[in-house]
Each structure stands twice: as structure tokens, then as C-alpha cells.
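Novice: Structure file model12.txt (compact mmCIF, C-alpha atoms and all ligand atoms) right here:
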```
# COMPACT_ATOMS: atom_id res chain seq x y z
CA MET Q 28 -31.13 -5.78 10.50
CA THR Q 29 -30.14 -7.73 13.60
CA ASP Q 30 -27.70 -6.72 16.27
CA ASN Q 31 -25.22 -9.58 16.04
CA SER Q 32 -21.59 -8.72 16.52
CA PRO Q 33 -19.91 -8.38 13.09
CA THR Q 34 -16.90 -10.29 14.38
CA GLY Q 35 -18.77 -12.91 16.43
CA PRO Q 36 -18.26 -16.64 16.01
CA ALA Q 37 -21.79 -17.63 14.89
CA ARG Q 38 -22.35 -19.55 11.64
CA GLY Q 39 -25.01 -18.69 9.11
CA VAL Q 40 -25.99 -15.53 7.22
CA ARG Q 41 -26.18 -12.55 9.57
CA LEU Q 42 -27.14 -8.94 9.08
CA PHE Q 43 -25.57 -6.24 11.21
CA ASP Q 44 -26.13 -2.50 11.30
CA ASP Q 45 -22.88 -0.64 11.89
CA VAL Q 46 -24.10 2.85 10.94
CA ARG Q 47 -23.68 5.17 13.92
CA ALA Q 48 -26.34 7.67 14.91
CA ASP Q 49 -24.13 10.53 13.67
CA GLU Q 50 -23.92 8.81 10.26
CA ALA Q 51 -27.67 8.31 9.79
CA ASP Q 52 -27.93 11.20 7.32
CA ARG Q 53 -24.70 10.43 5.57
CA ALA Q 54 -25.10 10.48 1.79
CA TYR Q 55 -24.06 7.75 -0.62
CA LEU Q 56 -24.60 6.85 -4.23
CA PRO Q 57 -26.69 3.63 -4.43
CA GLY Q 58 -26.05 0.91 -7.01
CA MET Q 59 -28.80 2.10 -9.38
CA SER Q 60 -28.44 5.80 -8.47
CA ARG Q 61 -31.88 5.92 -6.86
CA ALA Q 62 -32.89 3.77 -3.93
CA TRP Q 63 -36.24 2.74 -5.47
CA LEU Q 64 -34.45 1.30 -8.52
CA MET Q 65 -32.47 -1.15 -6.34
CA PRO Q 66 -34.75 -4.15 -7.12
CA TRP Q 67 -33.67 -3.79 -10.76
CA TYR Q 68 -29.99 -3.90 -9.91
CA ASP Q 69 -29.65 -7.65 -10.36
CA VAL Q 70 -31.62 -7.59 -13.61
CA GLN Q 71 -29.27 -4.96 -15.01
CA SER Q 72 -26.29 -6.85 -13.63
CA ARG Q 73 -27.41 -10.02 -15.42
CA LEU Q 74 -28.01 -8.18 -18.68
CA ARG Q 75 -24.55 -6.62 -18.48
CA ARG Q 76 -23.03 -10.04 -17.76
CA ALA Q 77 -21.42 -8.67 -14.60
CA ASP Q 78 -20.98 -12.31 -13.51
CA ARG Q 79 -17.91 -12.44 -15.78
CA LEU Q 80 -16.46 -9.42 -13.98
CA HIS Q 81 -17.10 -11.03 -10.60
CA ARG Q 82 -15.58 -14.34 -11.69
CA THR Q 83 -12.47 -12.54 -12.94
CA THR Q 84 -12.18 -10.73 -9.60
CA VAL Q 85 -12.42 -14.02 -7.70
CA GLU Q 86 -9.90 -15.68 -10.01
CA LEU Q 87 -7.39 -12.83 -9.59
CA ALA Q 88 -7.81 -12.80 -5.81
CA GLY Q 89 -6.97 -16.52 -5.49
CA ILE Q 90 -8.87 -17.14 -2.24
CA SER Q 91 -8.22 -20.35 -0.28
CA PRO Q 92 -10.62 -22.27 2.00
CA GLY Q 93 -10.79 -20.94 5.54
CA GLN Q 94 -9.62 -17.46 4.62
CA HIS Q 95 -11.32 -14.26 5.76
CA VAL Q 96 -12.72 -12.18 2.90
CA LEU Q 97 -14.31 -8.73 3.08
CA ASP Q 98 -16.28 -7.32 0.12
CA VAL Q 99 -16.54 -3.51 0.27
CA GLY Q 100 -19.57 -2.01 -1.49
CA CYS Q 101 -21.08 -5.50 -1.82
CA GLY Q 102 -24.57 -4.24 -2.75
CA THR Q 103 -26.85 -7.21 -3.47
CA GLY Q 104 -23.94 -9.57 -2.84
CA ASN Q 105 -23.03 -10.67 -6.35
CA LEU Q 106 -19.25 -10.63 -5.85
CA LEU Q 107 -19.53 -12.14 -2.37
CA LEU Q 108 -21.69 -14.97 -3.76
CA ALA Q 109 -19.14 -15.54 -6.52
CA VAL Q 110 -16.46 -15.82 -3.80
CA LEU Q 111 -18.64 -18.30 -1.87
CA ARG Q 112 -19.44 -20.34 -4.98
CA ALA Q 113 -15.72 -20.71 -5.70
CA THR Q 114 -14.70 -21.29 -2.06
CA PRO Q 115 -17.67 -22.06 0.22
CA ASP Q 116 -15.55 -22.44 3.36
CA VAL Q 117 -14.47 -18.81 3.70
CA VAL Q 118 -15.41 -16.41 6.47
CA ALA Q 119 -17.17 -13.83 4.30
CA THR Q 120 -18.20 -10.27 5.20
CA GLY Q 121 -20.00 -7.84 2.92
CA LEU Q 122 -20.18 -4.11 3.63
CA ASP Q 123 -22.56 -1.60 2.06
CA PRO Q 124 -24.50 1.49 3.23
CA ASP Q 125 -27.64 0.27 1.42
CA GLY Q 126 -29.74 -1.79 3.86
CA ALA Q 127 -32.23 -2.91 1.20
CA ALA Q 128 -29.42 -4.22 -0.98
CA LEU Q 129 -27.94 -6.08 2.00
CA ARG Q 130 -31.28 -7.70 2.84
CA ARG Q 131 -31.48 -8.89 -0.77
CA ALA Q 132 -27.90 -10.20 -0.50
CA ALA Q 133 -28.84 -12.10 2.67
CA ARG Q 134 -31.89 -13.68 0.99
CA LYS Q 135 -29.78 -14.77 -1.96
CA ALA Q 136 -27.05 -16.20 0.27
CA ARG Q 137 -29.58 -18.17 2.37
CA ARG Q 138 -31.43 -19.43 -0.71
CA ARG Q 139 -28.16 -20.80 -2.08
CA GLY Q 140 -27.35 -22.48 1.23
CA PHE Q 141 -24.25 -20.39 2.03
CA GLY Q 142 -23.63 -19.87 5.68
CA ARG Q 143 -24.09 -23.57 6.45
CA ARG Q 144 -20.42 -24.37 5.92
CA GLY Q 145 -18.97 -20.91 6.24
CA ASP Q 146 -19.81 -17.70 8.00
CA VAL Q 147 -21.49 -14.87 6.03
CA THR Q 148 -21.96 -11.47 7.67
CA LEU Q 149 -23.54 -8.50 5.91
CA VAL Q 150 -22.84 -5.16 7.52
CA ARG Q 151 -24.47 -1.79 6.84
CA GLY Q 152 -21.75 0.81 6.90
CA PHE Q 153 -19.32 2.84 4.83
CA ALA Q 154 -16.00 2.08 3.16
CA ASP Q 155 -14.02 4.34 5.48
CA ARG Q 156 -14.77 2.25 8.59
CA LEU Q 157 -14.33 -1.41 7.79
CA PRO Q 158 -16.11 -3.94 10.04
CA ALA Q 159 -13.05 -6.05 10.80
CA ALA Q 160 -10.41 -6.33 13.50
CA ASP Q 161 -6.82 -5.27 12.87
CA SER Q 162 -4.84 -7.70 10.66
CA SER Q 163 -7.85 -10.04 10.42
CA GLN Q 164 -8.53 -10.25 6.66
CA ASP Q 165 -6.70 -12.36 4.09
CA HIS Q 166 -8.52 -10.61 1.25
CA VAL Q 167 -10.45 -7.45 0.68
CA VAL Q 168 -12.33 -7.42 -2.62
CA SER Q 169 -14.51 -4.77 -4.22
CA SER Q 170 -16.32 -4.53 -7.54
CA LEU Q 171 -17.85 -1.48 -9.22
CA ALA Q 172 -18.03 0.38 -5.90
CA LEU Q 173 -14.96 2.61 -5.75
CA HIS Q 174 -16.36 5.10 -8.26
CA HIS Q 175 -19.28 5.63 -5.86
CA VAL Q 176 -16.93 6.88 -3.15
CA PRO Q 177 -15.51 10.43 -2.97
CA MET Q 178 -11.74 10.86 -2.75
CA ASP Q 179 -11.48 11.85 0.93
CA GLU Q 180 -13.46 8.75 1.92
CA LYS Q 181 -11.39 6.64 -0.49
CA ARG Q 182 -8.20 7.76 1.32
CA ARG Q 183 -9.69 6.67 4.65
CA PHE Q 184 -10.78 3.40 3.01
CA ALA Q 185 -7.20 2.79 1.84
CA ALA Q 186 -5.90 3.45 5.37
CA GLU Q 187 -8.48 0.98 6.66
CA LEU Q 188 -7.17 -1.62 4.20
CA VAL Q 189 -3.75 -1.34 5.79
CA ARG Q 190 -5.34 -1.80 9.22
CA VAL Q 191 -7.59 -4.81 8.49
CA LEU Q 192 -5.44 -6.83 6.08
CA ARG Q 193 -3.05 -9.27 7.68
CA PRO Q 194 0.59 -8.89 6.59
CA GLY Q 195 0.73 -10.38 3.08
CA GLY Q 196 -3.07 -9.97 2.69
CA LEU Q 197 -4.31 -8.92 -0.74
CA VAL Q 198 -6.78 -6.29 -1.94
CA THR Q 199 -8.39 -6.83 -5.34
CA ILE Q 200 -10.42 -3.95 -6.72
CA ALA Q 201 -12.45 -4.00 -9.94
CA ASP Q 202 -13.79 -0.63 -11.00
CA LEU Q 203 -14.76 1.44 -13.99
CA ASP Q 204 -11.86 3.11 -15.73
CA ALA Q 205 -11.98 6.90 -15.99
CA PRO Q 206 -13.96 8.30 -18.91
CA HIS Q 207 -11.78 9.68 -21.68
CA ASP Q 208 -12.32 13.33 -20.81
CA HIS Q 209 -11.71 12.59 -17.07
CA GLY Q 210 -14.20 15.26 -16.18
CA HIS Q 211 -17.62 13.89 -16.83
CA ASP Q 212 -19.54 10.81 -16.08
CA GLY Q 213 -20.14 9.03 -19.39
CA HIS Q 214 -21.86 6.13 -17.59
CA GLY Q 215 -25.49 7.20 -17.49
CA ASP Q 216 -27.02 10.45 -16.38
CA ALA Q 217 -28.87 9.04 -13.37
CA HIS Q 218 -25.65 8.53 -11.42
CA GLY Q 219 -25.42 12.20 -10.58
CA ARG Q 220 -27.75 11.78 -7.62
CA VAL Q 221 -26.65 10.84 -4.17
CA HIS Q 222 -28.86 9.48 -1.43
CA GLY Q 223 -28.80 9.38 2.30
CA HIS Q 224 -30.35 6.53 4.27
CA GLY Q 225 -33.26 5.30 2.14
CA SER Q 226 -34.63 7.95 -0.15
CA ARG Q 227 -35.62 10.42 2.56
CA HIS Q 228 -32.39 12.40 2.41
CA ARG Q 229 -31.81 12.98 -1.24
CA HIS Q 230 -29.08 15.42 -2.10
CA GLU Q 231 -27.44 16.34 -5.34
CA ILE Q 232 -23.91 16.79 -4.15
CA GLY Q 233 -22.16 15.77 -7.32
CA GLN Q 234 -22.74 15.98 -11.03
CA HIS Q 235 -20.96 12.75 -11.74
CA GLN Q 236 -19.48 9.64 -10.19
CA HIS Q 237 -15.89 9.54 -9.05
CA ARG Q 238 -14.58 7.62 -12.05
CA GLU Q 239 -12.11 10.35 -12.92
CA ASP Q 240 -10.16 9.49 -9.74
CA ASN Q 241 -9.23 6.19 -11.42
CA ALA Q 242 -7.42 7.90 -14.31
CA ASP Q 243 -3.69 7.42 -14.89
CA GLY Q 244 -3.07 4.88 -12.14
CA GLY Q 245 -5.32 6.63 -9.61
CA ILE Q 246 -6.23 3.43 -7.74
CA GLU Q 247 -2.61 2.24 -7.62
CA ARG Q 248 -1.59 5.68 -6.27
CA LEU Q 249 -4.33 5.60 -3.65
CA LEU Q 250 -3.20 2.21 -2.37
CA THR Q 251 0.52 3.00 -2.50
CA ASP Q 252 0.07 6.32 -0.68
CA ALA Q 253 -1.75 4.47 2.11
CA GLY Q 254 1.21 2.13 2.60
CA LEU Q 255 0.23 -0.95 0.60
CA ALA Q 256 2.91 -2.65 -1.50
CA ASP Q 257 3.16 -3.81 -5.13
CA ALA Q 258 0.07 -1.92 -6.29
CA ARG Q 259 -0.46 -2.79 -9.94
CA GLU Q 260 -3.07 -3.03 -12.63
CA ALA Q 261 -3.76 -6.76 -12.86
CA ARG Q 262 -6.20 -6.73 -15.79
CA ARG Q 263 -8.29 -4.55 -18.01
CA ALA Q 264 -11.42 -5.46 -19.99
CA THR Q 265 -14.48 -3.92 -21.61
CA PHE Q 266 -18.01 -4.83 -20.48
CA MET Q 267 -20.91 -3.51 -22.54
CA ASP Q 268 -18.64 -0.79 -23.96
CA THR Q 269 -17.51 0.23 -20.47
CA PRO Q 270 -13.79 -0.12 -19.66
CA VAL Q 271 -13.11 -1.90 -16.38
CA LEU Q 272 -9.78 -2.31 -14.61
CA TRP Q 273 -8.58 -4.56 -11.81
CA VAL Q 274 -5.96 -3.31 -9.37
CA GLN Q 275 -4.26 -5.39 -6.70
CA ALA Q 276 -1.93 -4.58 -3.82
CA ARG Q 277 -0.57 -6.33 -0.76
CA ARG Q 278 -0.16 -5.34 2.85
CA PRO Q 279 3.60 -5.46 3.50
C1 LIG Q 301 -22.61 -0.52 -8.68
S1 LIG Q 301 -22.89 -1.14 -7.05
C2 LIG Q 301 -21.80 -2.57 -6.99
C3 LIG Q 301 -22.35 -3.65 -6.12
C4 LIG Q 301 -21.57 -4.98 -6.16
N1 LIG Q 301 -20.22 -4.82 -5.68
C5 LIG Q 301 -21.56 -5.59 -7.52
O1 LIG Q 301 -20.48 -5.76 -8.12
O2 LIG Q 301 -22.66 -5.91 -8.02
C6 LIG Q 301 -22.01 0.03 -6.01
C7 LIG Q 301 -22.27 -0.21 -4.54
O3 LIG Q 301 -21.45 0.70 -3.78
C8 LIG Q 301 -22.19 1.05 -2.64
N2 LIG Q 301 -21.63 2.27 -2.02
C9 LIG Q 301 -21.91 3.57 -2.30
N3 LIG Q 301 -21.24 4.38 -1.48
C10 LIG Q 301 -20.51 3.59 -0.66
C11 LIG Q 301 -19.63 3.85 0.43
N4 LIG Q 301 -19.38 5.11 0.81
N5 LIG Q 301 -19.05 2.82 1.08
C12 LIG Q 301 -19.32 1.54 0.69
N6 LIG Q 301 -20.15 1.23 -0.35
C13 LIG Q 301 -20.74 2.24 -1.00
C14 LIG Q 301 -23.61 1.23 -3.16
O4 LIG Q 301 -24.57 1.22 -2.14
C15 LIG Q 301 -23.70 0.06 -4.13
O5 LIG Q 301 -24.24 -1.08 -3.50
```
Go ahead and render the structure in this file as C-alpha cells.
Ligand SMILES: C[S@@+](CC[C@H](N)C(=O)[O-])C[C@H]1O[C@@H](n2cnc3c(N)ncnc32)[C@H](O)[C@@H]1O

Specialist:
Amino acid sequence: MTDNSPTGPARGVRLFDDVRADEADRAYLPGMSRAWLMPWYDVQSRLRRADRLHRTTVELAGISPGQHVLDVGCGTGNLLLAVLRATPDVVATGLDPDGAALRRAARKARRRGFGRRGDVTLVRGFADRLPAADSSQDHVVSSLALHHVPMDEKRRFAAELVRVLRPGGLVTIADLDAPHDHGHDGHGDAHGRVHGHGSRHRHEIGQHQHREDNADGGIERLLTDAGLADAREARRATFMDTPVLWVQARRP
């Protein structure tokens, strides 16, 4: 990780560590549940045809050249790269607490030549403190990350959306729908584990992901309660037997 400013003017693909010393032990649920499985994330993602989910997210967001786009929970960068493929001239920022995933995202972005025309910044940090100035983002996007985030942090994330989106700016969230019984995971047993930085601080602080928060319009409620307007389910689909929904809202 380098120490570039996350809001600086430089072009290229930059890595920035925005985790404060008092957050070093903060727990999070990595993409593959366990940090050491991260290298397999993209393999699994390909097998599950997650590219279709990312393309749908990009299509729904409707991003224009020159716009500022922030991907929250970007992991290995698959949604951010889909954004850049569709609109290479954006100012793109990806946020994730997983440094190894971000380094992989940076390698992929450089290999594909992104950052030459636009600006790509990858920031290590958490969803409840977004690395963007007030009213600076035209779009915030997020895919398959919200169910990794506990409700109190999600509320702070929603408040951050109101802060960083410009008036009229759009948030587009793709996430797993709640399991039918709303009370248990249903998406693989390994997701019960939560990690701190790397795998040194492993805690089991939850028996399941936070998918149940998405039940019965949970994401729309979260966004509306924070002050965003027109929160609505934009689409719903099933990937590999897993129901996924897309929710959008605007900053008034
Ligand atoms: C299933 S992966 C999705 C990655 C990527 N968006 C995609 O569609 O391939 C979930 C991501 O959420 C990240 N995550 C977990 N807790 C988070 C938090 N508190 N704030 C932001 N991201 C978080 C994980 O590190 C992981 O990279």
C-alpha cells in the first residue's frame, strides 16, 4: 500500500491505506470467508458467472464518461473493472478492508491498462467511512458486499452515502436477497467466520452473514431512513440458485 492521497489528482492505479491505527483490529468478513481463500475468489466468481451480475449493476447505474464512481466492498475489483470496461474515462475509487484483495484488484486494473485514461484509486477501509469528499460522487455502486456488513455499520454507511453523493447522485446496490427463513445463512457454512486484518485476528462474532437485513425491503428502508430519495428495487434475478436484488436511490 502506498501513501497517496485518496482524493489527489494523480492518474494511474493507486493504492491507499485509510485504516486508522484504532481500526487495525477491526473485524470484517472477507469475500471467501477466510483470508487465505482469497486467491480463489475470482475463480469462484467466474464459475458463478458473477460477471453478469456486475454487468447488470453497471447497466442499471448508467454511468457517463468523466463521472466519479465509488465501489464499496470492491474486493478484487470485479465490479470496478466492469465499470471501467463500460466507461474507461471515469474517476474510479474502490474501497475494501481486505488489503490482499485490493492488491489483486490493482494488478488486474494495471494489466488491463486502466488508469491510463482515467484515475483508479483503491483504498483500504470500511464502508462506514467513505474515502470521498462531501458531494463528490456521481455514483456509488456495491455488489455482494452489503451482507458482509453488520446493521449498525450499514446505517453509518447509508449516512456516508448522503454525504459523498452529489445532489442527484445515484447509489446502486446489488446484494443477496434474504434467505427464506430470514434467520440463517443458507449461503455456505464458511461465511460464519469473521476476520480482522489478515488472518491474525480471527473472531467468530456471528453465526451467519447479514442477509436477513435485506428482507422485506430492508435495503430500501436503510437508504430512505438515511435521507436518500426514491429508494426502490430495480431488479431481481437468480444466480446459481441464489436470489440477488438490485436497489437504487438518489441523493435529493
Ligand atoms: C463477496 S465479496 C464482493 C466483492 C466484489 N464487490 C464483487 O462483486 O466481486 C464482499 C466484499 O466485502 C468486503 N467487506 C467486508 N466487510 C466490509 C466492510 N465493513 N466494509 C467494506 N467492505 C467490506 C470483503 O472484504 C469482500 O471483499

Novice: To one decimal in Å, tell me the separation between atom CA of Q:Asp165 and atom CA of Q:Phe266.

Specialist: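 Going from atom CA of Q:Asp165 over to atom CA of Q:Phe266 covers 28.1 Å.
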
Novice: Report, as JSON, the axis-aligned box around all atoms of ligand LIG 301 (chain Q) present in the file, extended by 4 Å on each side; give centre and edge lengths in Å to one decimal place.

Specialist:
```
{"center_x": -21.8, "center_y": -0.4, "center_z": -3.8, "size_x": 13.5, "size_y": 19.0, "size_z": 17.8}
```

Novice: For each of Q:Ala77, Q:Leu188, Q:Ala160, Q:Val167, take the minimum atom-to-atom distance to ligand LIG 301 (chain Q), counting all atoms listed in the file, then give the residue where this is smallest.

Specialist: Q:Ala77

Novice: Tell me, in Å to one decimal, how far atom CA of Q:Leu149 is from atom CA of Q:Val70.

Specialist: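 Spanning atom CA of Q:Leu149 to atom CA of Q:Val70 is a straight-line distance of 21.1 Å.
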
Novice: Using only C-alpha atoms and all ligand atoms, can you tell me which of Q:Leu171, Q:Ala258, Q:Ile90, Q:Val110 comes closest to ligand LIG 301 (chain Q)?

Specialist: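 With only C-alpha atoms and all ligand atoms as the atom set, the closest residue is Q:Leu171.
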
Novice: Counting only C-alpha atoms and all ligand atoms, what are the residues, protein, DNA or RNA alike, that approach ligand LIG 301 (chain Q) to within 7 Å? I want them as a VMD selection string.

Specialist: chain Q and resid 55 to 59 72 81 99 to 106 122 to 125 128 152 to 155 169 to 172 175 to 176

Novice: Out of Q:Leu129, Q:Ala276, Q:Ala264, Q:Val85, which residue has the shortest atom-to-atom distance to Q:Leu111 when counting only C-alpha atoms?

Specialist: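 Residue with the minimum atom-to-atom distance to Q:Leu111: Q:Val85.
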
Novice: Report, in Å to a single decimal, how far apart atom CA of Q:Val46 and atom CA of Q:Tyr68 are.

Specialist: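 Separating atom CA of Q:Tyr68 from atom CA of Q:Val46 is a distance of 22.7 Å.
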
Novice: Of the candidates Q:Gly196, Q:Pro206, Q:Gly39, Q:Gly93, which one gets nearest to Q:Ser162 if we count only C-alpha atoms?

Specialist: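 Closest to Q:Ser162, using only C-alpha atoms: Q:Gly196.
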
Novice: Enumerate, in order of chain and increasing residue number, the residues of stretch 109-197 of chain Q with an atom no farther than 9 Å from stretch 248-256 of chain Q, each with its shortest atom pair and distance in Å to one decimal, counting only C-alpha atoms, as a tab-separated table.

Specialist:
```
residue	atom	partner	partner_atom	distance
Q:Lys181	CA	Q:Leu249	CA	7.8
Q:Arg182	CA	Q:Leu249	CA	6.7
Q:Arg183	CA	Q:Ala253	CA	8.6
Q:Ala185	CA	Q:Ala253	CA	5.7
Q:Ala186	CA	Q:Ala253	CA	5.4
Q:Glu187	CA	Q:Ala253	CA	8.8
Q:Leu188	CA	Q:Leu255	CA	8.3
Q:Val189	CA	Q:Leu255	CA	6.6
```

Novice: Check the smallest atom-to-atom distance from each of Q:Val168, Q:Ala54, Q:Leu197, Q:Leu42 to Q:Ala109 using all atoms listed in the file, then report the winner.

Specialist: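 Smallest separation from Q:Ala109 among the options: Q:Val168.
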
Novice: Can you rebuild stretch 159-190 of chain Q with N, CA and C atoms and give it as a PDB file, in the frame of the given file?

Specialist:
```pdb
ATOM      1  N   ALA Q 159     -13.989  -4.937  10.617  1.00  0.00           N
ATOM      2  CA  ALA Q 159     -13.050  -6.050  10.800  1.00  0.00           C
ATOM      3  C   ALA Q 159     -11.973  -5.625  11.777  1.00  0.00           C
ATOM      4  N   ALA Q 160     -11.489  -6.593  12.535  1.00  0.00           N
ATOM      5  CA  ALA Q 160     -10.410  -6.330  13.500  1.00  0.00           C
ATOM      6  C   ALA Q 160      -9.088  -6.105  12.756  1.00  0.00           C
ATOM      7  N   ASP Q 161      -8.144  -5.506  13.446  1.00  0.00           N
ATOM      8  CA  ASP Q 161      -6.820  -5.270  12.870  1.00  0.00           C
ATOM      9  C   ASP Q 161      -6.220  -6.589  12.375  1.00  0.00           C
ATOM     10  N   SER Q 162      -5.585  -6.548  11.222  1.00  0.00           N
ATOM     11  CA  SER Q 162      -4.840  -7.700  10.660  1.00  0.00           C
ATOM     12  C   SER Q 162      -5.676  -8.982  10.616  1.00  0.00           C
ATOM     13  N   SER Q 163      -6.979  -8.857  10.358  1.00  0.00           N
ATOM     14  CA  SER Q 163      -7.850 -10.040  10.420  1.00  0.00           C
ATOM     15  C   SER Q 163      -8.211 -10.600   9.043  1.00  0.00           C
ATOM     16  N   GLN Q 164      -8.010  -9.837   7.978  1.00  0.00           N
ATOM     17  CA  GLN Q 164      -8.530 -10.250   6.660  1.00  0.00           C
ATOM     18  C   GLN Q 164      -7.401 -10.746   5.751  1.00  0.00           C
ATOM     19  N   ASP Q 165      -7.646 -11.884   5.105  1.00  0.00           N
ATOM     20  CA  ASP Q 165      -6.700 -12.360   4.090  1.00  0.00           C
ATOM     21  C   ASP Q 165      -6.919 -11.635   2.776  1.00  0.00           C
ATOM     22  N   HIS Q 166      -8.175 -11.286   2.511  1.00  0.00           N
ATOM     23  CA  HIS Q 166      -8.520 -10.610   1.250  1.00  0.00           C
ATOM     24  C   HIS Q 166      -9.553  -9.525   1.496  1.00  0.00           C
ATOM     25  N   VAL Q 167      -9.352  -8.398   0.848  1.00  0.00           N
ATOM     26  CA  VAL Q 167     -10.450  -7.450   0.680  1.00  0.00           C
ATOM     27  C   VAL Q 167     -10.703  -7.379  -0.823  1.00  0.00           C
ATOM     28  N   VAL Q 168     -11.967  -7.517  -1.211  1.00  0.00           N
ATOM     29  CA  VAL Q 168     -12.330  -7.420  -2.620  1.00  0.00           C
ATOM     30  C   VAL Q 168     -13.394  -6.333  -2.773  1.00  0.00           C
ATOM     31  N   SER Q 169     -13.522  -5.815  -3.975  1.00  0.00           N
ATOM     32  CA  SER Q 169     -14.510  -4.770  -4.220  1.00  0.00           C
ATOM     33  C   SER Q 169     -14.764  -4.709  -5.714  1.00  0.00           C
ATOM     34  N   SER Q 170     -16.042  -4.626  -6.102  1.00  0.00           N
ATOM     35  CA  SER Q 170     -16.320  -4.530  -7.540  1.00  0.00           C
ATOM     36  C   SER Q 170     -17.326  -3.414  -7.802  1.00  0.00           C
ATOM     37  N   LEU Q 171     -16.978  -2.547  -8.708  1.00  0.00           N
ATOM     38  CA  LEU Q 171     -17.850  -1.480  -9.220  1.00  0.00           C
ATOM     39  C   LEU Q 171     -18.334  -0.537  -8.126  1.00  0.00           C
ATOM     40  N   ALA Q 172     -17.604  -0.464  -7.022  1.00  0.00           N
ATOM     41  CA  ALA Q 172     -18.030   0.380  -5.900  1.00  0.00           C
ATOM     42  C   ALA Q 172     -17.156   1.609  -5.722  1.00  0.00           C
ATOM     43  N   LEU Q 173     -15.885   1.513  -6.081  1.00  0.00           N
ATOM     44  CA  LEU Q 173     -14.960   2.610  -5.750  1.00  0.00           C
ATOM     45  C   LEU Q 173     -15.385   3.935  -6.397  1.00  0.00           C
ATOM     46  N   HIS Q 174     -15.961   3.853  -7.588  1.00  0.00           N
ATOM     47  CA  HIS Q 174     -16.360   5.100  -8.260  1.00  0.00           C
ATOM     48  C   HIS Q 174     -17.599   5.729  -7.616  1.00  0.00           C
ATOM     49  N   HIS Q 175     -18.167   5.039  -6.637  1.00  0.00           N
ATOM     50  CA  HIS Q 175     -19.280   5.630  -5.860  1.00  0.00           C
ATOM     51  C   HIS Q 175     -18.765   6.425  -4.665  1.00  0.00           C
ATOM     52  N   VAL Q 176     -17.480   6.345  -4.404  1.00  0.00           N
ATOM     53  CA  VAL Q 176     -16.930   6.880  -3.150  1.00  0.00           C
ATOM     54  C   VAL Q 176     -16.064   8.110  -3.430  1.00  0.00           C
ATOM     55  N   PRO Q 177     -16.336   9.227  -2.751  1.00  0.00           N
ATOM     56  CA  PRO Q 177     -15.510  10.430  -2.970  1.00  0.00           C
ATOM     57  C   PRO Q 177     -14.085  10.251  -2.457  1.00  0.00           C
ATOM     58  N   MET Q 178     -13.164  11.056  -2.987  1.00  0.00           N
ATOM     59  CA  MET Q 178     -11.740  10.860  -2.750  1.00  0.00           C
ATOM     60  C   MET Q 178     -11.337  10.891  -1.277  1.00  0.00           C
ATOM     61  N   ASP Q 179     -11.890  11.804  -0.480  1.00  0.00           N
ATOM     62  CA  ASP Q 179     -11.480  11.850   0.930  1.00  0.00           C
ATOM     63  C   ASP Q 179     -11.849  10.547   1.649  1.00  0.00           C
ATOM     64  N   GLU Q 180     -13.030  10.025   1.312  1.00  0.00           N
ATOM     65  CA  GLU Q 180     -13.460   8.750   1.920  1.00  0.00           C
ATOM     66  C   GLU Q 180     -12.603   7.599   1.380  1.00  0.00           C
ATOM     67  N   LYS Q 181     -12.235   7.694   0.086  1.00  0.00           N
ATOM     68  CA  LYS Q 181     -11.390   6.640  -0.490  1.00  0.00           C
ATOM     69  C   LYS Q 181     -10.037   6.583   0.229  1.00  0.00           C
ATOM     70  N   ARG Q 182      -9.501   7.758   0.608  1.00  0.00           N
ATOM     71  CA  ARG Q 182      -8.200   7.760   1.320  1.00  0.00           C
ATOM     72  C   ARG Q 182      -8.343   7.075   2.669  1.00  0.00           C
ATOM     73  N   ARG Q 183      -9.473   7.330   3.349  1.00  0.00           N
ATOM     74  CA  ARG Q 183      -9.690   6.670   4.650  1.00  0.00           C
ATOM     75  C   ARG Q 183      -9.918   5.170   4.453  1.00  0.00           C
ATOM     76  N   PHE Q 184     -10.577   4.821   3.358  1.00  0.00           N
ATOM     77  CA  PHE Q 184     -10.780   3.400   3.010  1.00  0.00           C
ATOM     78  C   PHE Q 184      -9.416   2.719   2.823  1.00  0.00           C
ATOM     79  N   ALA Q 185      -8.517   3.380   2.093  1.00  0.00           N
ATOM     80  CA  ALA Q 185      -7.200   2.790   1.840  1.00  0.00           C
ATOM     81  C   ALA Q 185      -6.435   2.605   3.153  1.00  0.00           C
ATOM     82  N   ALA Q 186      -6.568   3.579   4.056  1.00  0.00           N
ATOM     83  CA  ALA Q 186      -5.900   3.450   5.370  1.00  0.00           C
ATOM     84  C   ALA Q 186      -6.512   2.277   6.143  1.00  0.00           C
ATOM     85  N   GLU Q 187      -7.812   2.105   6.008  1.00  0.00           N
ATOM     86  CA  GLU Q 187      -8.480   0.980   6.660  1.00  0.00           C
ATOM     87  C   GLU Q 187      -8.001  -0.364   6.106  1.00  0.00           C
ATOM     88  N   LEU Q 188      -7.693  -0.388   4.797  1.00  0.00           N
ATOM     89  CA  LEU Q 188      -7.170  -1.620   4.200  1.00  0.00           C
ATOM     90  C   LEU Q 188      -5.884  -2.047   4.894  1.00  0.00           C
ATOM     91  N   VAL Q 189      -5.022  -1.047   5.130  1.00  0.00           N
ATOM     92  CA  VAL Q 189      -3.750  -1.340   5.790  1.00  0.00           C
ATOM     93  C   VAL Q 189      -4.010  -1.879   7.199  1.00  0.00           C
ATOM     94  N   ARG Q 190      -5.029  -1.354   7.849  1.00  0.00           N
ATOM     95  CA  ARG Q 190      -5.340  -1.800   9.220  1.00  0.00           C
ATOM     96  C   ARG Q 190      -5.892  -3.226   9.236  1.00  0.00           C
TER      97      ARG Q 190
END
```
